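Trainee: The structure's right below; bear with me while I get my questions together.
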Amino acid sequence: MEFNSRLIINLSIAILMLSYAGYCWIRQGVHVRGKGWQTRENAPKSFWFSIILYIILGIGMLVVNLVVFRK
């Protein structure tokens with residue numbers, strides 16, 4: 001039972017990360033701590049760093065969960 005609930009929670013977090021990356025991509029902005037919502041033009045480094053980080057972490061969590069819990 002513990003594995004099922006952990007799997008569901010981890011997959012939910014991964015899906016939320018990927019969804020937020022998609023939201024930021026569609027809106028062409030990102031939330032920057034201390035500055036609020038910044039557009040891609042105003043904060044290009046923060047935008048790309050956040051998008052890439054969310055995508056890598058989200059896909060990484062999906063892959064790890066599917067490999068670890070498959071055994």
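Ordering of the structure tokens sets the chain letters (A, B, ...), residue numbers begin anew at 1 in every chain, and ligands are numbered from 1 in the order given.
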Give the strand (DSSP E) residues of chain A, as DSSP finds them on the backbone, and put them as JSON, numbers by chain.
Mentor: {"A": [29, 30, 31, 32, 36, 37, 38, 39]}
Trainee: Can you tell me, as a list in words, what residues are no more than 7 Å from Ala14 (chain A) when counting only C-alpha atoms, ignoring any on the same chain fewer than 4 positions away?
Mentor: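 Here the qualifying residues turn out to be Asn10, Leu18, Gly58, Met61 and Leu62 of chain A.
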Trainee: Which one is closest to Ile13 (chain A): A:Ala43, A:Ile59, A:Leu53, A:Ile26? Count only C-alpha atoms.
Mentor: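 The shortest atom-to-atom distance to Ile13 (chain A) comes from A:Ile59.
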Trainee: For CA of Val64 (chain A) and CA of Ser19 (chain A), determine how far apart the two atoms are, in Å to one decimal place.
Mentor: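 CA of Ser19 (chain A) lies 18.3 Å from CA of Val64 (chain A).
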Trainee: What is the distance, in Å and to one decimal place, between CA of Ser12 (chain A) and CA of Ile56 (chain A)?
Mentor: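 A separation of 15.4 Å between them.
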Trainee: Please report the interatomic distance between CA of Ile51 (chain A) and CA of Arg6 (chain A) in Å with one decimal.
Mentor: 25.4 Å
